[in-house]
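Pasting start-v7.cif here (mmCIF, C-alpha atoms):
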```cif
data_coords
loop_
_atom_site.label_atom_id
_atom_site.label_comp_id
_atom_site.auth_asym_id
_atom_site.auth_seq_id
_atom_site.Cartn_x
_atom_site.Cartn_y
_atom_site.Cartn_z
CA LEU A 1 0.00 0.00 0.00
CA ILE A 2 1.23 3.46 -0.86
CA ILE A 3 -0.42 6.54 0.57
CA ALA A 4 0.60 8.99 -2.15
CA GLU A 5 1.08 12.77 -2.18
CA ALA A 6 0.26 12.70 1.51
CA ALA A 7 -0.42 16.09 3.11
CA LEU A 8 2.28 15.54 5.72
CA GLU A 9 5.38 17.72 5.73
CA THR A 10 7.14 20.18 7.99
CA VAL A 11 6.42 23.89 7.60
CA PRO A 12 8.23 25.14 4.45
CA LYS A 13 10.93 27.77 5.02
CA ASN A 14 9.15 30.58 3.21
CA ILE A 15 6.32 30.67 5.74
CA SER A 16 8.22 29.56 8.85
CA ARG A 17 8.39 33.12 10.18
CA HIS A 18 4.67 33.77 9.83
CA ALA A 19 3.03 34.67 13.18
CA SER A 20 0.69 31.65 13.21
CA VAL A 21 3.70 29.35 12.77
CA THR A 22 6.09 30.96 15.24
CA ARG A 23 3.39 31.14 17.93
CA HIS A 24 2.63 27.44 17.54
CA ALA A 25 6.30 26.42 17.30
CA THR A 26 7.29 28.43 20.37
CA ARG A 27 4.56 26.78 22.41
CA LYS A 28 5.97 23.42 21.35
CA GLY A 29 9.57 24.50 21.99
CA LYS A 30 10.62 23.78 18.40
CA ALA A 31 11.80 25.74 15.39
CA GLY A 32 9.16 26.77 12.85
CA THR A 33 10.59 24.44 10.22
CA GLU A 34 10.58 21.48 12.63
CA ILE A 35 6.83 21.32 13.18
CA LEU A 36 4.26 19.71 10.90
CA LEU A 37 2.39 21.98 8.56
CA ASP A 38 -1.18 21.89 9.86
CA ARG A 39 -4.12 23.77 8.46
CA SER A 40 -5.80 23.83 11.91
CA TYR A 41 -3.04 26.12 13.15
CA HIS A 42 -1.37 27.64 10.09
CA HIS A 43 -4.33 28.45 7.91
CA LYS A 44 -3.35 32.07 7.38
CA ALA A 45 0.29 31.32 6.65
CA MET A 46 -0.80 28.66 4.17
CA LEU A 47 -2.51 31.24 1.97
CA MET A 48 1.01 32.02 0.77
CA LEU A 49 1.71 28.43 -0.35
CA ASP A 50 1.28 26.82 -3.75
CA ASN A 51 -1.12 23.94 -3.86
CA ALA A 52 -2.32 24.89 -0.37
CA ASP A 53 -5.63 23.03 -0.57
CA ARG A 54 -3.81 19.71 -0.86
CA ARG A 55 -1.38 20.33 2.01
CA GLY A 56 -1.22 20.58 5.81
CA ARG A 57 -3.52 17.71 6.78
CA PRO A 58 -1.33 15.29 8.77
CA ASP A 59 -4.50 14.23 10.60
CA LEU A 60 -5.80 12.57 7.42
CA VAL A 61 -2.52 10.73 7.00
CA HIS A 62 -2.71 9.63 10.63
CA PHE A 63 -6.17 8.10 10.07
CA ALA A 64 -5.19 6.44 6.84
CA LEU A 65 -2.09 4.92 8.44
CA LEU A 66 -3.93 3.77 11.56
CA GLU A 67 -6.55 2.13 9.41
CA ALA A 68 -3.85 0.16 7.60
CA VAL A 69 -1.78 -0.84 10.65
CA SER A 70 -4.92 -1.87 12.57
CA THR A 71 -5.79 -4.60 10.07
CA PRO A 72 -5.05 -8.27 10.76
CA LEU A 73 -3.51 -8.26 7.25
CA TYR A 74 -0.71 -5.98 8.46
CA ARG A 75 -0.40 -7.71 11.80
CA MET A 76 0.02 -11.03 9.96
CA GLY A 77 2.96 -9.46 8.08
CA LEU A 78 1.19 -9.62 4.71
CA LEU A 79 1.15 -5.92 3.98
CA ARG A 80 3.84 -3.35 3.43
CA ILE A 81 3.02 0.30 3.91
CA TYR A 82 4.70 3.36 2.42
CA VAL A 83 3.80 7.02 2.74
CA HIS A 84 4.89 9.20 -0.16
CA SER A 85 4.49 12.82 0.87
CA ILE A 86 3.65 15.84 -1.22
CA ALA A 87 7.16 17.06 -0.38
CA ASP A 88 8.59 13.97 -2.19
CA LYS A 89 9.78 12.14 0.88
CA VAL A 90 8.93 8.50 1.47
CA ILE A 91 8.28 6.99 4.88
CA PHE A 92 9.07 3.27 5.15
CA LEU A 93 7.20 1.49 7.91
CA HIS A 94 9.05 -1.61 8.95
CA GLU A 95 7.19 -4.79 9.82
CA LYS A 96 4.48 -4.74 12.45
CA VAL A 97 5.19 -1.22 13.65
CA ARG A 98 2.60 0.15 16.06
CA LEU A 99 1.59 3.76 15.64
CA PRO A 100 0.35 6.07 18.39
CA LYS A 101 -3.40 6.54 18.30
CA SER A 102 -3.16 9.90 19.99
CA TYR A 103 -2.74 12.56 17.30
CA PHE A 104 -0.57 14.55 19.65
CA ARG A 105 1.91 11.68 19.94
CA PHE A 106 1.76 10.89 16.22
CA GLU A 107 2.65 14.50 15.46
CA GLY A 108 5.69 14.33 17.74
CA LEU A 109 6.79 11.06 16.18
CA MET A 110 6.55 12.41 12.64
CA GLU A 111 8.47 15.55 13.63
CA GLU A 112 11.19 13.39 15.11
CA LEU A 113 11.24 11.12 12.05
CA ILE A 114 11.62 14.04 9.64
CA LYS A 115 14.33 15.62 11.79
CA GLU A 116 16.35 12.46 12.53
CA GLY A 117 15.62 10.47 9.37
CA GLN A 118 14.65 7.35 11.30
CA ILE A 119 12.93 6.06 14.42
CA ARG A 120 14.48 3.23 16.40
CA SER A 121 13.35 1.31 19.44
CA ASP A 122 16.36 -0.31 21.07
CA SER A 123 18.13 -2.01 18.19
CA ASP A 124 15.16 -2.20 15.81
CA LEU A 125 14.60 0.21 12.98
CA LEU A 126 10.88 1.07 13.07
CA MET A 127 10.59 3.76 10.42
CA GLU A 128 12.79 5.57 7.95
CA ILE A 129 12.27 8.56 5.72
CA LYS A 130 14.10 9.22 2.44
CA ASN A 131 13.97 11.90 -0.20
CA MET A 132 12.25 10.11 -3.06
CA ARG A 133 9.74 10.85 -5.74
CA PHE A 134 6.80 8.54 -6.32
CA ALA A 135 8.50 7.10 -9.42
CA ASP A 136 11.69 6.37 -7.41
CA LEU A 137 9.65 4.46 -4.85
CA LEU A 138 8.07 2.33 -7.57
CA SER A 139 11.55 1.58 -8.99
CA GLU A 140 12.64 0.47 -5.55
CA ILE A 141 9.72 -1.81 -4.70
CA LYS A 142 9.15 -3.09 -8.27
CA PRO A 143 5.51 -4.10 -7.97
CA SER A 144 3.92 -6.42 -10.53
CA LYS A 145 1.13 -3.90 -11.01
CA VAL A 146 0.32 -0.37 -9.79
CA ILE A 147 -3.38 0.13 -9.06
CA GLY A 148 -4.56 3.64 -8.22
CA LEU A 149 -7.79 4.25 -6.33
CA SER A 150 -9.63 7.46 -7.00
CA ARG A 151 -13.15 8.75 -7.39
CA ARG A 152 -12.22 9.51 -11.00
CA GLY A 153 -11.16 5.97 -11.84
CA ILE A 154 -12.94 3.27 -13.79
CA LYS A 155 -15.96 2.01 -11.86
CA SER A 156 -15.10 -1.14 -9.93
CA ASP A 157 -15.49 -2.38 -6.34
CA ALA A 158 -13.27 -3.35 -3.42
CA THR A 159 -13.74 -7.10 -4.01
CA LYS A 160 -12.51 -6.86 -7.59
CA ILE A 161 -9.59 -4.65 -6.58
CA ALA A 162 -8.54 -7.20 -3.96
CA THR A 163 -8.54 -9.96 -6.57
CA MET A 164 -6.38 -7.83 -8.88
CA ALA A 165 -4.05 -6.87 -6.05
CA LYS A 166 -2.79 -10.35 -5.33
CA GLU A 167 0.83 -11.19 -6.13
CA ASP A 168 2.96 -8.16 -5.41
CA ALA A 169 0.71 -5.49 -6.79
CA VAL A 170 0.74 -2.11 -5.10
CA LEU A 171 -2.41 -0.19 -4.22
CA VAL A 172 -2.14 3.59 -4.25
CA VAL A 173 -4.50 5.79 -2.24
CA GLY A 174 -4.26 9.58 -2.18
CA GLY A 175 -3.28 11.14 1.16
CA PHE A 176 -4.68 14.60 0.41
CA PRO A 177 -7.93 16.28 1.44
CA ARG A 178 -9.34 17.00 -2.00
CA GLY A 179 -8.63 16.73 -5.69
CA HIS A 180 -6.96 13.90 -7.55
CA PHE A 181 -3.53 12.40 -8.11
CA SER A 182 -1.17 14.77 -9.91
CA ALA A 183 -0.39 13.85 -13.49
CA ARG A 184 3.16 12.92 -12.44
CA VAL A 185 1.91 10.35 -9.92
CA ALA A 186 -0.96 9.09 -12.07
CA ALA A 187 1.56 8.41 -14.84
CA GLY A 188 3.14 5.67 -12.71
CA MET A 189 -0.09 3.69 -12.45
CA HIS A 190 -1.22 0.89 -14.73
CA GLN A 191 -4.84 1.65 -14.05
CA ILE A 192 -7.01 3.81 -11.78
CA TYR A 193 -10.27 2.47 -10.34
CA SER A 194 -13.10 3.89 -8.26
CA ILE A 195 -14.74 1.69 -5.62
CA SER A 196 -17.79 3.82 -4.85
CA ASP A 197 -20.21 6.31 -6.33
CA TYR A 198 -19.44 8.46 -3.32
CA SER A 199 -16.20 10.33 -2.82
CA LEU A 200 -14.63 8.34 0.02
CA GLU A 201 -12.02 9.41 2.56
CA ALA A 202 -8.64 7.70 2.17
CA HIS A 203 -9.15 5.77 5.41
CA VAL A 204 -12.47 4.34 4.19
CA VAL A 205 -10.93 3.18 0.90
CA ILE A 206 -8.07 1.58 2.81
CA ALA A 207 -10.40 -0.16 5.29
CA ARG A 208 -12.55 -1.63 2.53
CA VAL A 209 -9.86 -2.76 0.14
CA LEU A 210 -7.62 -4.28 2.82
CA TYR A 211 -10.60 -6.08 4.34
CA GLU A 212 -11.43 -7.62 0.97
CA CYS A 213 -7.74 -8.57 0.50
CA GLU A 214 -7.80 -10.24 3.89
CA LYS A 215 -10.83 -12.34 2.93
CA LEU A 216 -8.78 -13.80 0.07
CA VAL A 217 -5.97 -14.80 2.41
CA LYS A 218 -8.05 -17.03 4.65
CA LEU B 1 -25.01 1.85 15.84
CA ILE B 2 -24.18 2.36 19.48
CA ILE B 3 -20.62 2.95 20.62
CA ALA B 4 -21.03 1.72 24.20
CA GLU B 5 -19.16 2.51 27.41
CA ALA B 6 -17.10 4.96 25.39
CA ALA B 7 -13.97 6.30 27.11
CA LEU B 8 -15.09 9.89 26.60
CA GLU B 9 -15.97 12.02 29.62
CA THR B 10 -14.82 15.21 31.30
CA VAL B 11 -12.31 14.99 34.16
CA PRO B 12 -14.14 13.73 37.28
CA LYS B 13 -14.25 16.14 40.22
CA ASN B 14 -12.11 14.03 42.55
CA ILE B 15 -9.02 14.40 40.33
CA SER B 16 -9.74 17.83 38.86
CA ARG B 17 -7.20 19.50 41.18
CA HIS B 18 -4.38 17.13 40.33
CA ALA B 19 -1.33 18.94 38.90
CA SER B 20 -1.47 17.15 35.51
CA VAL B 21 -5.09 18.26 35.11
CA THR B 22 -4.79 21.86 36.29
CA ARG B 23 -1.69 22.43 34.13
CA HIS B 24 -3.50 21.16 31.04
CA ALA B 25 -6.75 22.98 31.83
CA THR B 26 -5.00 26.29 32.49
CA ARG B 27 -3.21 26.07 29.16
CA LYS B 28 -6.62 25.61 27.51
CA GLY B 29 -8.22 28.38 29.57
CA LYS B 30 -10.85 26.04 30.99
CA ALA B 31 -11.78 24.60 34.39
CA GLY B 32 -10.38 21.18 35.26
CA THR B 33 -13.83 19.59 35.15
CA GLU B 34 -14.54 21.10 31.71
CA ILE B 35 -11.80 19.32 29.81
CA LEU B 36 -11.89 15.78 28.47
CA LEU B 37 -10.22 13.12 30.55
CA ASP B 38 -7.26 12.05 28.44
CA ARG B 39 -4.68 9.45 29.33
CA SER B 40 -2.04 11.21 27.19
CA TYR B 41 -2.11 14.15 29.60
CA HIS B 42 -3.66 12.91 32.85
CA HIS B 43 -2.00 9.55 33.24
CA LYS B 44 -0.79 10.21 36.78
CA ALA B 45 -4.07 11.64 38.01
CA MET B 46 -5.89 8.66 36.52
CA LEU B 47 -4.09 6.27 38.86
CA MET B 48 -6.59 7.48 41.45
CA LEU B 49 -9.63 6.51 39.36
CA ASP B 50 -11.69 3.31 39.39
CA ASN B 51 -11.76 1.42 36.16
CA ALA B 52 -8.93 3.62 34.89
CA ASP B 53 -7.78 1.26 32.14
CA ARG B 54 -11.12 1.65 30.36
CA ARG B 55 -11.26 5.45 30.58
CA GLY B 56 -9.67 8.59 29.18
CA ARG B 57 -9.36 7.62 25.52
CA PRO B 58 -11.47 10.15 23.62
CA ASP B 59 -9.13 9.61 20.65
CA LEU B 60 -10.52 6.08 20.19
CA VAL B 61 -14.06 7.41 20.25
CA HIS B 62 -13.06 10.04 17.69
CA PHE B 63 -11.78 7.34 15.31
CA ALA B 64 -14.78 5.12 15.82
CA LEU B 65 -17.17 8.00 15.16
CA LEU B 66 -15.28 9.25 12.12
CA GLU B 67 -15.31 5.77 10.68
CA ALA B 68 -19.08 5.65 11.02
CA VAL B 69 -19.87 9.15 9.72
CA SER B 70 -17.50 8.69 6.76
CA THR B 71 -19.52 5.81 5.32
CA PRO B 72 -21.91 6.28 2.41
CA LEU B 73 -24.44 4.40 4.59
CA TYR B 74 -24.54 7.32 7.03
CA ARG B 75 -24.39 9.91 4.29
CA MET B 76 -27.41 8.23 2.64
CA GLY B 77 -29.30 8.70 5.93
CA LEU B 78 -29.54 4.94 6.55
CA LEU B 79 -27.63 4.85 9.82
CA ARG B 80 -28.25 6.36 13.23
CA ILE B 81 -25.32 6.77 15.58
CA TYR B 82 -25.31 6.99 19.39
CA VAL B 83 -22.39 7.24 21.78
CA HIS B 84 -23.07 5.86 25.24
CA SER B 85 -20.23 6.95 27.52
CA ILE B 86 -18.75 5.20 30.50
CA ALA B 87 -20.13 8.11 32.55
CA ASP B 88 -23.67 7.08 31.46
CA LYS B 89 -24.32 9.97 29.14
CA VAL B 90 -25.61 9.44 25.63
CA ILE B 91 -24.64 11.57 22.64
CA PHE B 92 -27.28 11.74 19.91
CA LEU B 93 -25.89 12.60 16.48
CA HIS B 94 -28.56 14.07 14.31
CA GLU B 95 -28.77 13.23 10.64
CA LYS B 96 -25.78 13.73 8.40
CA VAL B 97 -23.71 15.60 10.96
CA ARG B 98 -20.10 16.18 9.93
CA LEU B 99 -17.44 15.75 12.56
CA PRO B 100 -14.09 17.54 12.68
CA LYS B 101 -11.23 15.32 11.54
CA SER B 102 -8.74 17.25 13.59
CA TYR B 103 -8.59 15.74 17.07
CA PHE B 104 -7.94 19.16 18.52
CA ARG B 105 -11.24 20.46 17.12
CA PHE B 106 -13.13 17.30 18.06
CA GLU B 107 -11.96 17.71 21.64
CA GLY B 108 -13.22 21.30 21.75
CA LEU B 109 -16.55 20.25 20.27
CA MET B 110 -17.06 17.48 22.83
CA GLU B 111 -16.14 19.82 25.68
CA GLU B 112 -18.69 22.31 24.41
CA LEU B 113 -21.33 19.60 23.98
CA ILE B 114 -20.88 18.31 27.53
CA LYS B 115 -20.95 21.83 28.93
CA GLU B 116 -23.90 23.16 26.93
CA GLY B 117 -25.89 19.95 26.45
CA GLN B 118 -26.23 20.48 22.71
CA ILE B 119 -24.50 21.78 19.60
CA ARG B 120 -26.44 23.88 17.12
CA SER B 121 -25.51 25.37 13.79
CA ASP B 122 -27.90 28.21 13.00
CA SER B 123 -31.31 26.72 13.60
CA ASP B 124 -30.34 23.05 13.31
CA LEU B 125 -29.69 20.80 16.26
CA LEU B 126 -26.56 18.80 15.37
CA MET B 127 -25.86 16.91 18.58
CA GLU B 128 -27.37 16.48 22.02
CA ILE B 129 -26.16 14.81 25.16
CA LYS B 130 -28.39 13.37 27.88
CA ASN B 131 -27.83 11.54 31.15
CA MET B 132 -28.85 8.01 30.28
CA ARG B 133 -27.78 4.50 31.03
CA PHE B 134 -27.31 1.99 28.22
CA ALA B 135 -30.62 0.33 29.15
CA ASP B 136 -32.44 3.69 28.99
CA LEU B 137 -31.09 4.27 25.50
CA LEU B 138 -32.37 0.88 24.36
CA SER B 139 -35.80 1.70 25.82
CA GLU B 140 -35.81 4.91 23.85
CA ILE B 141 -34.75 3.54 20.47
CA LYS B 142 -36.60 0.19 20.79
CA PRO B 143 -34.53 -1.85 18.36
CA SER B 144 -35.85 -5.13 16.99
CA LYS B 145 -32.60 -6.81 18.06
CA VAL B 146 -29.46 -5.81 19.99
CA ILE B 147 -26.30 -7.35 18.55
CA GLY B 148 -23.07 -6.89 20.49
CA LEU B 149 -19.69 -7.19 18.82
CA SER B 150 -16.79 -8.36 20.93
CA ARG B 151 -13.75 -10.56 20.68
CA ARG B 152 -15.42 -12.81 23.26
CA GLY B 153 -18.60 -13.34 21.25
CA ILE B 154 -19.75 -16.32 19.22
CA LYS B 155 -17.59 -16.71 16.13
CA SER B 156 -19.24 -15.12 13.12
CA ASP B 157 -18.23 -12.66 10.38
CA ALA B 158 -19.14 -9.17 9.22
CA THR B 159 -21.24 -10.43 6.31
CA LYS B 160 -23.45 -12.53 8.58
CA ILE B 161 -23.76 -9.68 11.09
CA ALA B 162 -24.91 -7.35 8.33
CA THR B 163 -27.62 -9.82 7.30
CA MET B 164 -28.81 -10.07 10.91
CA ALA B 165 -28.70 -6.31 11.37
CA LYS B 166 -31.35 -5.49 8.81
CA GLU B 167 -34.70 -4.14 9.97
CA ASP B 168 -34.08 -1.85 12.91
CA ALA B 169 -31.51 -3.91 14.75
CA VAL B 170 -28.86 -2.08 16.70
CA LEU B 171 -25.16 -2.96 16.55
CA VAL B 172 -23.14 -2.30 19.69
CA VAL B 173 -19.38 -1.79 19.59
CA GLY B 174 -17.29 -1.07 22.68
CA GLY B 175 -15.68 2.38 22.83
CA PHE B 176 -13.00 1.44 25.36
CA PRO B 177 -9.31 0.57 24.91
CA ARG B 178 -9.33 -2.91 26.42
CA GLY B 179 -11.51 -5.45 28.15
CA HIS B 180 -15.09 -6.35 27.38
CA PHE B 181 -18.58 -4.98 27.85
CA SER B 182 -19.57 -4.69 31.50
CA ALA B 183 -22.17 -7.21 32.69
CA ARG B 184 -24.73 -4.42 32.94
CA VAL B 185 -24.34 -3.50 29.28
CA ALA B 186 -23.96 -7.09 28.02
CA ALA B 187 -27.26 -7.89 29.74
CA GLY B 188 -29.09 -5.64 27.27
CA MET B 189 -27.89 -7.61 24.25
CA HIS B 190 -29.67 -10.48 22.56
CA GLN B 191 -26.44 -11.97 21.37
CA ILE B 192 -22.74 -11.13 21.20
CA TYR B 193 -20.65 -12.08 18.16
CA SER B 194 -17.00 -11.90 17.20
CA ILE B 195 -16.06 -11.06 13.60
CA SER B 196 -12.37 -11.93 13.72
CA ASP B 197 -9.83 -14.21 15.34
CA TYR B 198 -7.87 -11.04 16.05
CA SER B 199 -8.80 -8.51 18.65
CA LEU B 200 -9.91 -5.60 16.45
CA GLU B 201 -10.05 -1.91 17.26
CA ALA B 202 -13.56 -0.46 17.46
CA HIS B 203 -13.01 1.57 14.27
CA VAL B 204 -12.04 -1.56 12.31
CA VAL B 205 -15.14 -3.43 13.47
CA ILE B 206 -17.29 -0.46 12.52
CA ALA B 207 -15.66 -0.09 9.09
CA ARG B 208 -16.17 -3.76 8.26
CA VAL B 209 -19.70 -4.24 9.52
CA LEU B 210 -21.04 -1.01 8.04
CA TYR B 211 -19.39 -1.79 4.71
CA GLU B 212 -21.13 -5.18 4.63
CA CYS B 213 -24.44 -3.53 5.60
CA GLU B 214 -23.98 -1.10 2.74
CA LYS B 215 -23.50 -3.92 0.26
CA LEU B 216 -26.97 -5.21 1.21
CA VAL B 217 -28.55 -1.82 0.52
CA LYS B 218 -27.50 -1.58 -3.09
#
```

So, in terms of structure tokens, how does the structure I just supplied come out?
Amino acid sequence: LIIAEAALETVPKNISRHASVTRHATRKGKAGTEILLDRSYHHKAMLMLDNADRRGRPDLVHFALLEAVSTPLYRMGLLRIYVHSIADKVIFLHEKVRLPKSYFRFEGLMEELIKEGQIRSDSDLLMEIKNMRFADLLSEIKPSKVIGLSRRGIKSDATKIATMAKEDAVLVVGGFPRGHFSARVAAGMHQIYSISDYSLEAHVVIARVLYECEKLVK
Amino acid sequence: LIIAEAALETVPKNISRHASVTRHATRKGKAGTEILLDRSYHHKAMLMLDNADRRGRPDLVHFALLEAVSTPLYRMGLLRIYVHSIADKVIFLHEKVRLPKSYFRFEGLMEELIKEGQIRSDSDLLMEIKNMRFADLLSEIKPSKVIGLSRRGIKSDATKIATMAKEDAVLVVGGFPRGHFSARVAAGMHQIYSISDYSLEAHVVIARVLYECEKLVK
């Protein structure tokens, strides 16, 4: 599973001195560029950013990730999870990592990950982050098939997607609040499907498709 | 859908003067008894509470609720959602309410709801909270059947549960971090089923069962 163009990144330099950022960063005892860009706090500063409506929603990424790591499929070791961010960084979750359910702790963990490049617990590497475009990630994991999921895709359903996803395919779900995959990311996909007539949140798509995948495992 | 014995309540009076509570409340500009009990912040104070391991996890309730309100089933108006809290209050979500995805905003909303008794937007009533035990809630909604979902239930699966849940049945999912329904709540159920060999988070159970219910609607 790849959560692509995820709205999770630290505050970009050009707005790191904006009042809404410095106030929030000071309260957290961090530098402006060390905290996650978050529309709840930095709405005004974000007016100065390109592509602002697709950024600053680490809460959505948190839900999408929790949905994936909470599945028996992941806990059985049958699922690998990657987060490709809109800032072209890729987070690698190592096997059976547990994520904090508290948003407050998740935020701290992501800030540490971006700053340090990895998260370890004793000797184990739990997570890593690397500068990588979506295409670079695909070259590294070499999936048999790349299946995008988007409201704009060809009409299908979660059961069919699960059947197609067997054998080293990768499923790609957007980690942004609105809109569609950028042309650059869509270009890496073999096909894009839609699993509902409704526009579904990333976490709902993930819950449904992984559940159907799990049914095929039993 | 009822999320039962949910770990969402304001800080009880007997620990509202504990340092970890007053520090947190002061930062938020609220009284100790006006803020949500939250293990992330009030861990030490919670050592003095009964039943502490089942309390102070409003984040879990947030996920479970978001999972439910994000489904097309709810958006089609085919699902009613109630949160019965461990403090024996019941939150009534009126039709097609949207909930904040940001935990920070959800927390504020719940604090306001508990303080004011209701949340309105212009003339519409969005949410209400009433003092009510689980049994009182069942008397009010008069479901045809009460189906509990718990790891300890009779082995079944989400598809079968969905078939049973048609025609005004109520599904009950626990809103607590560990353990099982209390005897008092379990007594109100006609039957308790388990949908997985794994112990699933409330939000995963909700995602799966509602998805299977939705398939039956089409």

Select from chain A every residue with an atom at most 7 Å from any atom of chain B, then for each give the shortest pair of atoms and their distance in Å to one decimal, using all atoms listed in the file, rows by chain and rising number, as a Markdown table.
```
| residue | atom | partner | partner_atom | distance |
| --- | --- | --- | --- | --- |
| A:Asp59 | CA | B:Ser102 | CA | 6.0 |
| A:Ser70 | CA | B:Glu201 | CA | 7.0 |
| A:Pro72 | CA | B:Tyr198 | CA | 6.6 |
| A:Lys101 | CA | B:Asp59 | CA | 6.9 |
| A:Ser102 | CA | B:Asp59 | CA | 6.0 |
| A:Tyr103 | CA | B:Tyr103 | CA | 6.7 |
| A:Tyr198 | CA | B:Pro72 | CA | 6.6 |
| A:Glu201 | CA | B:Ser70 | CA | 6.9 |
| A:Ala207 | CA | B:Ala207 | CA | 6.5 |
```

TODO: Point out the residue among B:Val69, B:Val61, B:Leu36, B:Leu126 with the least atom-to-atom distance to B:Pro177, counting all atoms listed in the file.
DONE: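 Closest candidate: B:Val61.
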
- [ ] Have a look at atom CA of A:Thr22 and atom CA of A:Ser85 and let me know their distance in Å, one decimal.
- [x]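 So the two atoms, atom CA of A:Thr22 and atom CA of A:Ser85, lie 23.2 Å apart.
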
For this file, the PyMOL selection byres ((chain A and resi 12-20) around 7) selects which residues, as a PDB file with C-alpha atoms, in the coordinates of the input?
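Full text of part02.pdb as output:
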```
ATOM      1  CA  THR A  10       7.140  20.180   7.990  1.00  0.00           C
ATOM      2  CA  VAL A  11       6.420  23.890   7.600  1.00  0.00           C
ATOM      3  CA  VAL A  21       3.700  29.350  12.770  1.00  0.00           C
ATOM      4  CA  THR A  22       6.090  30.960  15.240  1.00  0.00           C
ATOM      5  CA  ARG A  23       3.390  31.140  17.930  1.00  0.00           C
ATOM      6  CA  HIS A  24       2.630  27.440  17.540  1.00  0.00           C
ATOM      7  CA  GLY A  32       9.160  26.770  12.850  1.00  0.00           C
ATOM      8  CA  THR A  33      10.590  24.440  10.220  1.00  0.00           C
ATOM      9  CA  TYR A  41      -3.040  26.120  13.150  1.00  0.00           C
ATOM     10  CA  HIS A  42      -1.370  27.640  10.090  1.00  0.00           C
ATOM     11  CA  ALA A  45       0.290  31.320   6.650  1.00  0.00           C
TER      12      ALA A  45
END
```

Task: Pairwise distance for atom CA of B:Leu49 and atom CA of B:Ala87, rounded to one decimal in Å - done: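 Computing it gives 12.6 Å between the two atoms.
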
Task: Proximity to A:Arg133 - best of A:Val83, A:Val173, A:Leu37, A:Ile154, all atoms listed in the file - done: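 Checking each of A:Val83, A:Val173, A:Leu37, A:Ile154 against A:Arg133, counting all atoms listed in the file, the winner is A:Val83.
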
Task: Reference answer for the PyMOL selection byres ((chain A and resi 89) around 10), as a list of chain:residue names - done: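 Taken over the shown coordinates, the PyMOL selection byres ((chain A and resi 89) around 10) returns A:Glu5, A:Ala6, A:Leu8, A:Glu9, A:Val83, A:His84, A:Ser85, A:Ile86, A:Ala87, A:Asp88, A:Val90, A:Ile91, A:Phe92, A:Ile114, A:Ile129, A:Lys130, A:Asn131, A:Met132, A:Arg133, A:Phe134, A:Leu137.
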
Those same residues, written as a PDB file, keeping the file's coordinate frame with C-alpha atoms?
```
ATOM      1  CA  GLU A   5       1.080  12.770  -2.180  1.00  0.00           C
ATOM      2  CA  ALA A   6       0.260  12.700   1.510  1.00  0.00           C
ATOM      3  CA  LEU A   8       2.280  15.540   5.720  1.00  0.00           C
ATOM      4  CA  GLU A   9       5.380  17.720   5.730  1.00  0.00           C
ATOM      5  CA  VAL A  83       3.800   7.020   2.740  1.00  0.00           C
ATOM      6  CA  HIS A  84       4.890   9.200  -0.160  1.00  0.00           C
ATOM      7  CA  SER A  85       4.490  12.820   0.870  1.00  0.00           C
ATOM      8  CA  ILE A  86       3.650  15.840  -1.220  1.00  0.00           C
ATOM      9  CA  ALA A  87       7.160  17.060  -0.380  1.00  0.00           C
ATOM     10  CA  ASP A  88       8.590  13.970  -2.190  1.00  0.00           C
ATOM     11  CA  VAL A  90       8.930   8.500   1.470  1.00  0.00           C
ATOM     12  CA  ILE A  91       8.280   6.990   4.880  1.00  0.00           C
ATOM     13  CA  PHE A  92       9.070   3.270   5.150  1.00  0.00           C
ATOM     14  CA  ILE A 114      11.620  14.040   9.640  1.00  0.00           C
ATOM     15  CA  ILE A 129      12.270   8.560   5.720  1.00  0.00           C
ATOM     16  CA  LYS A 130      14.100   9.220   2.440  1.00  0.00           C
ATOM     17  CA  ASN A 131      13.970  11.900  -0.200  1.00  0.00           C
ATOM     18  CA  MET A 132      12.250  10.110  -3.060  1.00  0.00           C
ATOM     19  CA  ARG A 133       9.740  10.850  -5.740  1.00  0.00           C
ATOM     20  CA  PHE A 134       6.800   8.540  -6.320  1.00  0.00           C
ATOM     21  CA  LEU A 137       9.650   4.460  -4.850  1.00  0.00           C
TER      22      LEU A 137
END
```
